[in-house]
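Text of data_28.txt, listed as compact mmCIF, C-alpha atoms and all ligand atoms:
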# COMPACT_ATOMS: atom_id res chain seq x y z
CA ALA A 1 6.99 6.86 18.51
CA ASP A 2 3.32 7.55 17.95
CA THR A 3 2.26 4.25 16.41
CA LEU A 4 -1.10 4.22 14.71
CA LEU A 5 -1.16 0.79 13.12
CA GLN A 6 0.82 -2.25 14.16
CA VAL A 7 0.68 -5.27 11.89
CA SER A 8 2.12 -8.60 13.06
CA ASP A 9 2.40 -11.77 11.05
CA LEU A 10 -0.46 -10.88 8.72
CA THR A 11 -1.20 -13.82 6.45
CA LEU A 12 -3.57 -14.20 3.52
CA HIS A 13 -3.50 -17.43 1.57
CA TYR A 14 -5.77 -18.17 -1.38
CA ARG A 15 -7.16 -21.55 -2.31
CA THR A 16 -6.48 -22.25 -5.97
CA ARG A 17 -6.80 -25.24 -8.24
CA ARG A 18 -3.02 -25.77 -8.14
CA GLY A 19 -2.75 -25.43 -4.35
CA THR A 20 -2.36 -22.73 -1.71
CA ALA A 21 -1.13 -19.36 -3.00
CA ARG A 22 0.69 -17.58 -0.18
CA ALA A 23 0.04 -14.02 -1.35
CA VAL A 24 0.63 -12.40 2.05
CA ASP A 25 2.90 -14.58 4.15
CA GLY A 26 3.73 -13.29 7.61
CA VAL A 27 3.88 -9.54 6.99
CA SER A 28 4.78 -7.27 9.92
CA PHE A 29 5.23 -3.51 9.98
CA ASP A 30 4.01 -0.48 11.82
CA LEU A 31 2.70 2.86 10.66
CA ARG A 32 3.12 6.02 12.68
CA ARG A 33 0.76 8.91 12.83
CA ASN A 34 1.19 11.33 9.91
CA GLU A 35 3.58 8.96 8.18
CA ALA A 36 3.65 7.84 4.56
CA LEU A 37 4.76 4.24 4.15
CA VAL A 38 5.45 3.31 0.55
CA VAL A 39 5.02 -0.38 -0.27
CA LEU A 40 7.07 -1.33 -3.32
CA GLY A 41 7.22 -4.65 -5.12
CA GLU A 42 6.97 -6.11 -8.56
CA SER A 43 3.74 -7.40 -10.06
CA GLY A 44 2.34 -10.38 -8.18
CA SER A 45 4.37 -9.81 -4.99
CA GLY A 46 1.18 -9.47 -2.92
CA LYS A 47 0.75 -5.70 -2.58
CA SER A 48 -2.96 -5.55 -3.41
CA SER A 49 -3.57 -8.65 -1.31
CA LEU A 50 -1.95 -6.87 1.63
CA ALA A 51 -4.28 -3.88 1.13
CA LYS A 52 -7.31 -6.15 0.91
CA ALA A 53 -6.25 -8.06 4.03
CA LEU A 54 -5.91 -4.82 5.99
CA MET A 55 -9.34 -3.65 4.83
CA ARG A 56 -10.88 -7.13 5.05
CA LEU A 57 -12.08 -6.89 1.47
CA LEU A 58 -11.58 -10.53 0.67
CA PRO A 59 -12.49 -12.86 -2.18
CA ARG A 60 -14.27 -16.12 -1.38
CA ASN A 61 -11.38 -18.49 -1.96
CA ILE A 62 -9.56 -17.84 1.31
CA GLU A 63 -7.47 -20.68 2.70
CA ARG A 64 -6.03 -18.76 5.63
CA PHE A 65 -6.46 -15.26 6.99
CA SER A 66 -4.66 -14.58 10.24
CA GLY A 67 -2.39 -12.26 12.18
CA GLN A 68 -2.75 -9.27 14.43
CA VAL A 69 -3.58 -5.73 13.29
CA MET A 70 -3.61 -3.21 16.11
CA LEU A 71 -5.33 0.04 15.23
CA GLY A 72 -4.60 2.15 18.28
CA ASP A 73 -5.19 -0.35 21.08
CA MET A 74 -7.83 -2.40 19.26
CA ASP A 75 -6.94 -5.62 17.44
CA ILE A 76 -9.19 -5.21 14.42
CA MET A 77 -8.59 -8.83 13.35
CA GLN A 78 -10.66 -9.85 16.37
CA LEU A 79 -13.70 -7.83 15.29
CA GLY A 80 -16.67 -9.59 13.70
CA ASP A 81 -17.49 -8.58 10.11
CA GLU A 82 -20.33 -6.29 11.11
CA ALA A 83 -18.28 -4.48 13.78
CA PHE A 84 -15.34 -4.24 11.37
CA ARG A 85 -17.52 -2.60 8.72
CA LYS A 86 -18.99 -0.16 11.21
CA GLN A 87 -15.87 0.74 13.15
CA VAL A 88 -13.01 0.39 10.72
CA GLN A 89 -13.93 0.49 7.03
CA TRP A 90 -14.13 4.07 5.79
CA ASN A 91 -14.40 5.54 9.26
CA ARG A 92 -10.86 4.84 10.39
CA MET A 93 -9.25 3.21 7.37
CA ALA A 94 -10.06 3.83 3.72
CA LEU A 95 -8.76 2.23 0.55
CA VAL A 96 -8.44 3.56 -2.95
CA MET A 97 -8.45 0.29 -4.86
CA GLN A 98 -6.23 -0.39 -7.83
CA ALA A 99 -7.93 1.03 -10.97
CA ALA A 100 -10.72 2.56 -8.84
CA MET A 101 -10.97 5.53 -11.17
CA ASN A 102 -12.30 3.19 -13.83
CA ALA A 103 -14.79 1.65 -11.43
CA LEU A 104 -16.83 4.77 -10.75
CA ASN A 105 -20.51 4.25 -11.43
CA PRO A 106 -21.07 5.75 -14.91
CA VAL A 107 -24.68 6.78 -14.27
CA VAL A 108 -24.29 8.48 -10.88
CA ARG A 109 -23.02 12.05 -10.51
CA VAL A 110 -19.55 12.07 -8.93
CA GLY A 111 -20.62 14.30 -6.02
CA GLU A 112 -23.21 11.75 -4.99
CA GLN A 113 -20.73 8.89 -5.28
CA VAL A 114 -18.24 10.63 -3.01
CA ALA A 115 -21.04 11.32 -0.53
CA GLU A 116 -21.93 7.64 -0.33
CA PRO A 117 -19.59 6.62 2.54
CA LEU A 118 -21.08 9.42 4.66
CA ARG A 119 -24.65 8.55 3.74
CA VAL A 120 -24.25 4.78 4.10
CA HIS A 121 -21.75 4.46 6.96
CA ARG A 122 -22.64 7.55 8.96
CA GLY A 123 -26.28 8.06 7.99
CA TRP A 124 -25.72 11.73 7.20
CA SER A 125 -28.42 13.76 5.44
CA LYS A 126 -27.85 14.58 1.81
CA ASP A 127 -27.25 18.30 2.47
CA ARG A 128 -24.78 17.71 5.24
CA ALA A 129 -22.93 15.09 3.19
CA MET A 130 -22.78 17.30 0.08
CA GLU A 131 -21.30 20.13 2.08
CA ARG A 132 -18.48 17.87 3.28
CA VAL A 133 -18.01 16.52 -0.26
CA ALA A 134 -17.60 20.05 -1.62
CA GLU A 135 -15.00 20.75 1.05
CA THR A 136 -13.16 17.54 0.18
CA PHE A 137 -13.27 18.35 -3.54
CA ARG A 138 -11.51 21.63 -2.78
CA LYS A 139 -8.85 19.76 -0.76
CA VAL A 140 -8.02 17.43 -3.65
CA GLY A 141 -8.13 20.22 -6.21
CA VAL A 142 -11.41 19.49 -7.97
CA SER A 143 -13.67 22.42 -8.75
CA THR A 144 -17.03 22.14 -7.01
CA ASP A 145 -18.59 22.74 -10.45
CA PHE A 146 -17.76 19.08 -11.01
CA LEU A 147 -20.04 17.81 -8.23
CA GLN A 148 -22.89 17.43 -10.71
CA ARG A 149 -20.84 15.83 -13.47
CA TYR A 150 -20.75 12.20 -14.53
CA PRO A 151 -17.47 10.23 -14.55
CA PHE A 152 -17.21 10.21 -18.37
CA GLU A 153 -17.14 14.00 -18.36
CA LEU A 154 -13.93 14.03 -16.32
CA SER A 155 -10.31 13.50 -17.36
CA GLY A 156 -8.34 10.59 -15.89
CA GLY A 157 -6.54 12.90 -13.47
CA MET A 158 -9.82 14.40 -12.26
CA ARG A 159 -11.40 10.97 -11.84
CA GLN A 160 -8.40 9.89 -9.76
CA ARG A 161 -8.88 12.97 -7.55
CA VAL A 162 -12.53 12.06 -7.19
CA VAL A 163 -11.74 8.54 -5.91
CA LEU A 164 -9.17 10.10 -3.61
CA ALA A 165 -11.90 12.40 -2.31
CA MET A 166 -14.08 9.35 -1.69
CA ALA A 167 -11.37 7.88 0.55
CA LEU A 168 -10.76 11.16 2.38
CA VAL A 169 -14.33 12.31 2.85
CA THR A 170 -14.81 10.44 6.15
CA GLU A 171 -11.48 11.83 7.44
CA PRO A 172 -9.99 8.39 8.23
CA ASP A 173 -6.72 8.00 10.16
CA VAL A 174 -5.20 5.72 7.54
CA VAL A 175 -5.63 5.98 3.77
CA ILE A 176 -4.36 3.08 1.67
CA LEU A 177 -3.73 3.90 -1.96
CA ASP A 178 -3.20 1.01 -4.36
CA GLU A 179 -1.35 2.21 -7.46
CA PRO A 180 -3.14 5.58 -7.48
CA THR A 181 -1.17 7.07 -10.34
CA SER A 182 -0.05 4.19 -12.52
CA ALA A 183 -2.58 4.84 -15.29
CA LEU A 184 -1.77 8.56 -15.52
CA ASP A 185 0.73 10.62 -17.46
CA VAL A 186 3.82 11.96 -15.68
CA LEU A 187 2.56 15.50 -15.09
CA THR A 188 -0.78 14.30 -13.75
CA GLN A 189 1.05 11.82 -11.50
CA ALA A 190 3.13 14.67 -10.10
CA SER A 191 0.09 16.82 -9.38
CA ILE A 192 -1.66 13.96 -7.58
CA MET A 193 1.46 13.35 -5.50
CA ASN A 194 1.43 17.03 -4.60
CA VAL A 195 -2.16 16.76 -3.44
CA LEU A 196 -1.19 13.82 -1.22
CA LYS A 197 1.74 15.71 0.24
CA ARG A 198 -0.42 18.70 1.04
CA ILE A 199 -3.11 16.55 2.67
CA LYS A 200 -0.51 14.77 4.74
CA ARG A 201 0.91 18.10 5.88
CA GLU A 202 -2.38 19.85 6.53
CA GLU A 203 -4.59 17.03 7.81
CA GLY A 204 -2.02 14.80 9.49
CA THR A 205 -3.31 11.76 7.59
CA SER A 206 -1.22 8.57 7.47
CA PHE A 207 -0.77 6.91 4.11
CA ILE A 208 0.13 3.47 2.86
CA LEU A 209 1.03 4.04 -0.75
CA ILE A 210 1.33 0.90 -2.84
CA THR A 211 3.19 1.22 -6.09
CA HIS A 212 5.86 -0.22 -8.32
CA ASP A 213 6.93 3.25 -9.38
CA VAL A 214 10.00 4.06 -7.30
CA ALA A 215 10.53 7.53 -8.74
CA THR A 216 7.06 8.98 -8.12
CA SER A 217 6.77 7.47 -4.67
CA SER A 218 10.08 8.86 -3.42
CA GLU A 219 8.67 12.33 -2.86
CA LEU A 220 5.99 11.29 -0.41
CA ALA A 221 7.73 8.42 1.34
CA ASP A 222 8.85 8.62 4.95
CA ARG A 223 9.55 4.91 5.04
CA VAL A 224 9.67 2.18 2.42
CA ALA A 225 8.68 -1.48 2.65
CA LEU A 226 9.72 -3.73 -0.21
CA MET A 227 7.70 -6.87 -0.86
CA TYR A 228 8.95 -9.99 -2.55
CA ALA A 229 6.91 -13.15 -3.00
CA GLY A 230 4.39 -12.36 -0.28
CA GLN A 231 6.88 -11.11 2.30
CA ILE A 232 8.47 -7.82 3.27
CA VAL A 233 12.20 -8.18 2.62
CA GLU A 234 13.25 -4.72 3.76
CA ILE A 235 11.63 -1.89 5.65
CA SER A 236 13.72 1.23 6.08
CA ASP A 237 13.63 4.99 6.42
CA ALA A 238 13.02 6.35 2.94
CA ARG A 239 16.32 8.18 2.68
CA ASP A 240 18.25 5.05 3.67
CA PHE A 241 16.25 2.90 1.28
CA PHE A 242 16.67 5.17 -1.73
CA HIS A 243 20.37 5.94 -1.11
CA TYR A 244 21.71 2.85 0.64
CA PRO A 245 19.31 -0.03 0.05
CA ALA A 246 20.32 -2.96 2.28
CA HIS A 247 18.72 -6.12 0.89
CA PRO A 248 20.34 -7.44 -2.31
CA TYR A 249 16.90 -7.29 -3.96
CA SER A 250 16.47 -3.66 -2.88
CA GLN A 251 19.88 -2.87 -4.31
CA MET A 252 19.03 -4.47 -7.64
CA LEU A 253 15.67 -2.71 -7.69
CA MET A 254 17.27 0.69 -7.12
CA ASP A 255 19.87 -0.07 -9.83
CA SER A 256 17.05 -0.83 -12.24
CA VAL A 257 15.44 2.60 -11.84
CA PRO A 258 16.29 4.63 -14.93
CA ARG A 259 17.81 8.02 -14.11
CA LEU A 260 18.12 11.14 -16.17
CA HIS A 261 21.73 11.87 -17.26
CA GLN A 262 22.81 8.36 -16.44
CA ALA A 263 25.83 7.15 -18.39
CA GLU A 264 25.39 3.39 -18.15
CA ALA A 265 22.18 1.52 -18.88
CA PRO A 266 20.05 0.69 -15.84
CA GLY A 267 20.56 -2.80 -14.48
CA TYR A 268 17.87 -5.42 -14.61
CA ILE A 269 17.08 -8.31 -12.34
CA PRO A 270 17.53 -11.63 -14.14
CA GLY A 271 15.21 -14.53 -13.41
CA GLU A 272 11.64 -14.64 -12.20
CA PRO A 273 10.01 -14.36 -8.80
CA PRO A 274 9.16 -17.75 -7.27
CA ASP A 275 5.80 -19.44 -7.43
CA LEU A 276 3.65 -18.42 -4.45
CA ILE A 277 2.14 -21.89 -4.40
CA ASP A 278 5.34 -23.69 -3.56
CA PRO A 279 7.85 -21.05 -2.52
CA PRO A 280 11.47 -22.04 -1.78
CA THR A 281 12.15 -23.17 1.79
CA GLY A 282 15.09 -20.83 2.29
CA CYS A 283 15.27 -17.18 1.28
CA ARG A 284 12.70 -16.58 -1.46
CA PHE A 285 15.13 -14.38 -3.36
CA ALA A 286 18.06 -16.80 -3.17
CA ASP A 287 17.77 -18.05 -6.76
CA ARG A 288 18.21 -14.56 -8.16
CA CYS A 289 20.62 -13.25 -5.56
CA PRO A 290 24.22 -12.51 -6.57
CA SER A 291 25.35 -12.65 -2.93
CA ARG A 292 23.79 -15.98 -1.96
CA PHE A 293 25.70 -18.60 -0.04
CA SER A 294 24.75 -22.13 0.97
CA LYS A 295 22.61 -21.26 3.98
CA CYS A 296 20.38 -19.00 1.89
CA SER A 297 18.72 -21.83 -0.02
CA GLN A 298 18.24 -23.90 3.13
CA ASP A 299 16.94 -21.70 5.94
CA PRO A 300 14.52 -18.79 5.73
CA PRO A 301 16.13 -15.62 7.08
CA ALA A 302 14.26 -13.68 9.76
CA PHE A 303 14.13 -9.92 9.98
CA SER A 304 17.29 -8.35 11.39
CA PRO A 305 16.44 -6.78 14.74
CA ASP A 306 17.51 -3.20 13.92
CA GLU A 307 14.67 -0.74 14.54
CA ARG A 308 15.48 1.78 11.85
CA ARG A 309 15.99 -0.70 9.08
CA ARG A 310 14.86 -4.28 9.07
CA VAL A 311 16.18 -6.67 6.45
CA ARG A 312 15.19 -10.25 5.76
CA CYS A 313 18.60 -11.51 4.63
CA TRP A 314 21.27 -13.81 6.05
CA LEU A 315 24.00 -11.30 5.17
CA HIS A 316 22.51 -8.85 7.62
CA GLU A 317 21.79 -11.48 10.22
CA ASP A 318 25.50 -12.27 10.18
CA GLU A 319 26.45 -8.63 10.61
CA VAL A 320 24.30 -8.45 13.69
CA ALA A 321 25.75 -11.68 15.08
CA ARG A 322 29.32 -10.45 14.54
CA GLY A 323 28.38 -7.20 16.19
CA SER A 324 29.60 -5.06 13.27
P1 LIG B 401 0.27 -5.99 -9.24
O1 LIG B 401 1.49 -5.11 -9.09
O2 LIG B 401 0.25 -6.67 -10.57
O3 LIG B 401 -1.00 -5.28 -8.89
P2 LIG B 401 0.25 -7.26 -6.62
O4 LIG B 401 1.59 -7.13 -5.96
O5 LIG B 401 -0.81 -6.32 -6.22
O6 LIG B 401 0.48 -7.22 -8.20
P3 LIG B 401 -1.64 -9.33 -5.87
O7 LIG B 401 -2.74 -8.83 -6.70
O8 LIG B 401 -1.74 -9.12 -4.39
O9 LIG B 401 -0.22 -8.76 -6.38
O10 LIG B 401 -1.47 -10.87 -6.16
C1 LIG B 401 -0.53 -11.68 -5.47
C2 LIG B 401 -0.65 -13.11 -5.97
O11 LIG B 401 -1.90 -13.65 -5.56
C3 LIG B 401 -0.62 -13.22 -7.49
O12 LIG B 401 0.08 -14.39 -7.81
C4 LIG B 401 -2.08 -13.36 -7.86
O13 LIG B 401 -2.23 -14.09 -9.03
C5 LIG B 401 -2.65 -14.10 -6.67
N1 LIG B 401 -4.06 -13.80 -6.41
C6 LIG B 401 -4.62 -12.58 -6.24
N2 LIG B 401 -5.94 -12.68 -5.98
C7 LIG B 401 -6.23 -14.02 -5.97
C8 LIG B 401 -7.42 -14.79 -5.76
N3 LIG B 401 -8.58 -14.22 -5.46
N4 LIG B 401 -7.30 -16.13 -5.85
C9 LIG B 401 -6.14 -16.72 -6.13
N5 LIG B 401 -4.99 -16.07 -6.33
C10 LIG B 401 -5.02 -14.72 -6.26
MG MG B 402 -1.91 -4.95 -7.21
Before anything else, please render the file you have as structure tokens.
Ligand code: ATP
Ligand code: MG
Amino acid sequence: ADTLLQVSDLTLHYRTRRGTARAVDGVSFDLRRNEALVVLGESGSGKSSLAKALMRLLPRNIERFSGQVMLGDMDIMQLGDEAFRKQVQWNRMALVMQAAMNALNPVVRVGEQVAEPLRVHRGWSKDRAMERVAETFRKVGVSTDFLQRYPFELSGGMRQRVVLAMALVTEPDVVILDEPTSALDVLTQASIMNVLKRIKREEGTSFILITHDVATSSELADRVALMYAGQIVEISDARDFFHYPAHPYSQMLMDSVPRLHQAEAPGYIPGEPPDLIDPPTGCRFADRCPSRFSKCSQDPPAFSPDERRRVRCWLHEDEVARGS
């Protein structure tokens, strides 16, 4: 396959007063060209930390930051900060941060803000940059009349399209979106998802879409990765994940999604996710897992070797060993 990004054993640990918080703990996945990978996971599972690790947008209290991230044939983890900023950030990978639409500068016209990556990272003239910005506004469905407006003059949906434009304006290969629609109403969410689908189709962009909203993400997803306590527990083709989730946690998550015309109440997942500071030695989901057996609390399961669907669960390891 045409692999664009290959992430191996990515790790981001924070130093905290209570100890080391293992927010991203050995994450591996790959992203193909023109693919949308949806990263699901409940609050605190490490989704935003994963995005920040990929973009090297790190807080100061880092205990450990390691792993390999191949972008094409370059390991971007090996780049110095300056080279990373020049070669990777914005130019090849862009991030729409969680709640970015509320972080727009209130006193700068939105057109100018979207032009900033081109002006700062590429040194483009104002005219040249504004021309590209206008083009990008059209792509994300914002009227070019809005170029001169200030953020407060725009609706939430329009502001979200503006931050999307800011990520797309440099035409990066990979766009990471951290909860891009969670603050918006259902209809606005749907129209933003449609914009993303169209851009993926027309521009061939690859997306990593981080969300805890299973329903909205299902339309864009080619593959799904589910995070739990700093690790990916399943990564599968989207259709497989949504119809036949493999990991017990994936199954419980899918059962908890409310559906229209559903007779019985949606299930919920009892218990709490483990503390990232002192996670269990065995499977991190074992305490909440209805299918656990003795091994689960003792030894950490590795990913099953299947290419199409990889599951971090002893049940699936056994299947492979038995050859079923
Ligand atoms: P949400 O769905 O709520 O956005 P998330 O999956 O994005 O959650 P993260 O923001 O990546 O989760 O946080 C993962 C864990 O790391 C949480 O326990 C969080 O409290 C912790 N954490 C995040 N940033 C820091 C930091 N700078 N220092 C210490 N701990 C942090
Ligand atoms: Mg987050």
| message | Can you measure CA of Glu153 (chain A) to CA of Ala103 (chain A) for me? One decimal in Å is fine. | response |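 These atoms are spaced 14.4 Å apart.
With all atoms listed in the file counted, the chains near ligand LIG 401 (chain B) contribute these residues within 6 Å: Tyr14, Thr16, Ala23, Glu42, Ser43, Gly44, Ser45, Gly46, Lys47, Ser48, Ser49 and Pro59 of chain A.
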Hey, could you make a per-residue contact list for chain A against ligand MG 402 (chain B) with 12 Å as the cut-off, showing the nearest pair of atoms and its distance in Å to one decimal, counting only C-alpha atoms and all ligand atoms, sorted by chain and number, as CSV?
residue,atom,partner,partner_atom,distance
A:Ala23,CA,B:MG402,MG,11.0
A:Val39,CA,B:MG402,MG,10.8
A:Leu40,CA,B:MG402,MG,10.4
A:Gly41,CA,B:MG402,MG,9.4
A:Glu42,CA,B:MG402,MG,9.1
A:Ser43,CA,B:MG402,MG,6.8
A:Gly44,CA,B:MG402,MG,7.0
A:Ser45,CA,B:MG402,MG,8.2
A:Gly46,CA,B:MG402,MG,7.0
A:Lys47,CA,B:MG402,MG,5.4
A:Ser48,CA,B:MG402,MG,4.0
A:Ser49,CA,B:MG402,MG,7.2
A:Leu50,CA,B:MG402,MG,9.0
A:Ala51,CA,B:MG402,MG,8.7
A:Lys52,CA,B:MG402,MG,9.8
A:Val96,CA,B:MG402,MG,11.5
A:Met97,CA,B:MG402,MG,8.7
A:Gln98,CA,B:MG402,MG,6.3
A:Ala99,CA,B:MG402,MG,9.3
A:Ala100,CA,B:MG402,MG,11.7
A:Leu177,CA,B:MG402,MG,10.4
A:Asp178,CA,B:MG402,MG,6.7
A:Glu179,CA,B:MG402,MG,7.2
A:Pro180,CA,B:MG402,MG,10.6
A:Ser182,CA,B:MG402,MG,10.7
A:Leu209,CA,B:MG402,MG,11.5
A:Ile210,CA,B:MG402,MG,8.0
A:Thr211,CA,B:MG402,MG,8.1
A:His212,CA,B:MG402,MG,9.2
A:Met227,CA,B:MG402,MG,11.7
A:Gly230,CA,B:MG402,MG,11.9
| query | In terms of the shortest atom-to-atom distance over only C-alpha atoms, which of A:Asp9, A:Asp2, A:Asp287, A:Asp213 is closest to Ser256 (chain A)? | reply |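 Counting only C-alpha atoms, the residue closest to Ser256 (chain A) is A:Asp213.
Note that CA of Leu187 (chain A) and CA of Thr205 (chain A) are 23.7 Å apart.
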| request: Place a sphere of radius 10 Å on (23.7, -11.3, -8.9) in the file coordinates and name every protein, DNA or RNA residue with an atom inside or on its surface, counting all atoms listed in the file; give the answer as a PyMOL selection string. | output: chain A and resi 248-249+252+269-270+286-292
| Near region 111-121 of chain A, within 9 Å and counting all atoms listed in the file, which residues show up once chain neighbours fewer than 3 positions away are dropped, as a PyMOL selection string? | chain A and resi 85-86+89-91+104-105+108+124-126+129-130+132-134+137+144+146-150+162-163+165-167+169-170
| So how many Å separate CA of Asp30 (chain A) and CA of Thr3 (chain A), to one decimal? | 6.8 Å
| task | Please return, as a VMD selection string, all polymer residues that have at least one atom within 12 Å of the point (18.2, 9.5, 2.4); use all atoms listed in the file and the file's own coordinate frame. | result | chain A and resid 218 to 219 221 to 224 236 to 245
| From A:Leu12, A:Arg161, A:Pro172, A:Gly72, residue lying nearest Arg60 (chain A) [all atoms listed in the file] |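 Answer, going by the shortest atom-to-atom distance: A:Leu12.
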